[in-house]
Amino acid sequence: MFRNQYDTDVTTWSPAGRLFQVEYAMEAVKQGSAAIGLRSKTHVVLACVNKANSELSSHQKKIFKVDDHIGVAIAGLTADGRVLSRYMRSECINYGYTYESPLPVGRLVVQLADKAQVCTQRSWKRPYGVGLLVAGLDESGAHLYYNCPSGNYFEYQAFAIGSRSQAAKTYLERKFENFTSSSRDDLIKDALFAIRETLQGEKLTSTVCTVAVVGVGEPFCILDQATVQGLINEFEISGEEGGAAVEETGGESGGAPAVEQEAAPMDI
Amino acid sequence: MPKEQANWSPYDNNGGTCVAIAGADYCVIAADTRMSTGYSILTRDYSKICKLADKSIMASSGFQADVKALQKVLASRHSIYQHQHNKQMSCPAMAQLLSNTLYYKRFFPYYAFNVLGGLDSEGKGCVFTYDAVGSYERVGYSAQGSGATLITPFLDNQLKSPSPLLLPAKDAVTPLSESEAIDLVKTCFASATERDIYTGDKVEIVILNGDGIRHEYEELRKD
């Protein structure tokens with residue numbers, strides 16, 4: 001993995017036509033804790049794994065409300081994510097002020113992507129080290145986009161980013177064809193299942209994950225812990241159900257200490 | 001040679017009157033719905049009242065284009081506050097924000113005469129009254145606009161402490177009940193409508209209390 005010769009500057013191409021700094025930035029996204037998003041015709045659900053560094057600390061905030069109709073989940077350098085969320089909020093407020101209507105999601109992600117691209121073409125900047133799953137609703141329906149540090153963005157029916165996201169992606173690939181017509185509750189259930197996949201056998205409780213929903217007639221909101229725990233119990237997916245096969249054959253067992261029920265995350 | 005005068009003004013006065021009264025656990029904010037220019041009526045059905053936050057309602061008379069711009073600026077600032085603090089702005093906080101926003105345009109003012117009503121953090125009614133450049137004060141009741149000179153002496157008579165020496169000052173918050181205050185407001189507008197040509201058509205009354213927000217409308221003389 002040593003590409004030392006051409007990776008010092010973001011403005012230096014490699015002979016193979018690659019910008020290594022940008023690729024390293026995408027690597028940072030893969031190191032962050034998992035975030036997933038899925039959409040139906042009328043709703044979009046975001047969910048993410050919230051692991052605290054130690055039992056004493058609070059959990060990282062990874063899902064941000066951007067406007068009543070848009071929310072974002074991040075993976076990677078959360079500080080970069082916070083800054084970009086602030087930019088997105090500002091853009092939504094200014095658009096609403098000028099046009100008295102909500103900013104279409106597609107416009108916002110293009111602006112975000114252009115902002116990220118700038119950092120790939122200035123010698124005094126570095127790319128943002130964060131991947132963003134942008135969930136939103138506008139006149140043309142429900143949308144889920146993924147913005148990456150390279151300045152690229154794609155629209156998805158469902159996607160997962162961050163560490164061990166491949167497990168979630170595999171689950172989503174199996175189920176995505178049904179998502180368009182899913183009900184809101186089924187969509188949340190699938191999101192929780194997908195999150196469970198990334199936990200690799202660890203118990204799924206509301207202290208390790210965060211869920212947010214936006215939909216027709218439902219402004220973006222982050223579900224509170226009690227609601228999420230209720231849903232988990234209802235779906236009985238805290239790890240006892242053997243339905244979903246474990247895809248990852250990686251050797252790592254639950255090396256991280258078991259998450260205690262008592263460690264309450266900081267209020268979002 | 002006498003100084004040349006401008007033959008165009010960026011301002012216009014759309015008339016109208018606004019009133020607010022603070023109670024022990026409620027606040028009444030009212031404004032007429034007539035919008036005029038010169039001696040003409042533009043519409044009989046225009047709301048001068050704007051909800052800025054869950055517990056802050058603003059009524060403004062003056063130049064309605066400036067009022068609309070002011071409302072938009074405050075709404076955007078409130079959105080930013082909510083993102084940063086994860087809660088709604090309190091009425092006293094909104095009062096300060098309004099003052100700062102008005103003073104920001106000290107040298108090209110918003111031609112808006114505002115009265116802000118709501119509930120403070122203890123749930124008591126509060127009313128803040130402003131001039132066009134942001135000077136403000138918390139009071140128990142206030143009137144602004146074309147009919148203010150007719151209404152204020154009447155409210156002083158009904159609500160003000162009989163003497164500055166009598167403590168506690170009676171005009172801090174009225175001991176009237178909610179329905180008594182609403183009737184008082186209707187009386188104010190009925191009287192003002194008689195003599196002020198810019199006030200009339202309908203009065204829109206907004207009542208803010210612990211249970212939420214309520215609207216009432218009352219017809220006024222249309223001449």
# chains A, B, ... in the order shown; residues from 1 in each chain; ligands from 1
$ closest_atom_pairs --of "chain A" --to "chain B" --cutoff "8 Å" --atoms "only C-alpha atoms" --output "Markdown table"
| residue | atom | partner | partner_atom | distance |
| --- | --- | --- | --- | --- |
| A:Lys65 | CA | B:His83 | CA | 7.7 |
| A:Arg89 | CA | B:Ile80 | CA | 7.9 |
| A:Ser90 | CA | B:Ile80 | CA | 7.9 |
| A:Ile93 | CA | B:Ser76 | CA | 6.2 |
| A:Asn94 | CA | B:Ser76 | CA | 7.8 |
| A:Tyr97 | CA | B:Lys72 | CA | 6.6 |
$ residues_around --residues "range 168-174 of chain A" --least-positions-apart "2" --cutoff "8 Å" --atoms "only C-alpha atoms" --output "PyMOL selection string"
chain A and resi 36+158-160+164-166+176-177+194-198+247
$ closest_residue --among "A:Lys51, A:Arg184, A:Arg126, A:His143" --to "Phe20 in chain A" --atoms "only C-alpha atoms"
A:Arg126
$ residues_around --residues "Val19 in chain B" --least-positions-apart "4" --cutoff "6 Å" --atoms "only C-alpha atoms" --output "PyMOL selection string"
chain B and resi 29-30+142-143
$ write_last_selection --atoms "all heavy atoms" --output "PDB file, in the first residue's frame"
ATOM      1  N   ILE B  29     -52.451  39.128  21.854  1.00  0.00           N
ATOM      2  CA  ILE B  29     -51.856  40.002  20.833  1.00  0.00           C
ATOM      3  C   ILE B  29     -52.908  40.222  19.765  1.00  0.00           C
ATOM      4  O   ILE B  29     -53.498  39.253  19.269  1.00  0.00           O
ATOM      5  CB  ILE B  29     -50.605  39.337  20.190  1.00  0.00           C
ATOM      6  CG1 ILE B  29     -49.581  38.981  21.250  1.00  0.00           C
ATOM      7  CG2 ILE B  29     -49.985  40.227  19.140  1.00  0.00           C
ATOM      8  CD1 ILE B  29     -49.572  37.530  21.629  1.00  0.00           C
ATOM      9  N   ALA B  30     -53.146  41.479  19.407  1.00  0.00           N
ATOM     10  CA  ALA B  30     -54.217  41.760  18.455  1.00  0.00           C
ATOM     11  C   ALA B  30     -53.797  42.827  17.462  1.00  0.00           C
ATOM     12  O   ALA B  30     -52.990  43.707  17.782  1.00  0.00           O
ATOM     13  CB  ALA B  30     -55.469  42.216  19.204  1.00  0.00           C
ATOM     14  N   SER B 142     -49.305  47.272  25.597  1.00  0.00           N
ATOM     15  CA  SER B 142     -48.796  48.272  24.667  1.00  0.00           C
ATOM     16  C   SER B 142     -49.674  48.357  23.443  1.00  0.00           C
ATOM     17  O   SER B 142     -50.341  47.390  23.065  1.00  0.00           O
ATOM     18  CB  SER B 142     -47.372  47.901  24.267  1.00  0.00           C
ATOM     19  OG  SER B 142     -46.923  48.761  23.255  1.00  0.00           O
ATOM     20  N   ALA B 143     -49.644  49.525  22.781  1.00  0.00           N
ATOM     21  CA  ALA B 143     -50.319  49.709  21.495  1.00  0.00           C
ATOM     22  C   ALA B 143     -49.351  50.420  20.560  1.00  0.00           C
ATOM     23  O   ALA B 143     -48.574  51.278  20.992  1.00  0.00           O
ATOM     24  CB  ALA B 143     -51.597  50.523  21.659  1.00  0.00           C
TER      25      ALA B 143
END
$ atom_distance --atom1 "CA of Leu231 in chain A" --atom2 "CA of Lys189 in chain A"
7.6 Å
$ select_by_dssp --residues "chain B" --states "alpha helix (DSSP H)" --output "ChimeraX atom specification"
/B:64-85,91-104,148-159,178-195
$ atom_distance --atom1 "CA of Ile207 in chain B" --atom2 "CA of Thr174 in chain B"
14.7 Å
$ residues_around --residues "Ser150 in chain A" --least-positions-apart "5" --cutoff "7 Å" --atoms "only C-alpha atoms" --output "JSON, numbers by chain"
{"A": [22, 116, 117, 120]}
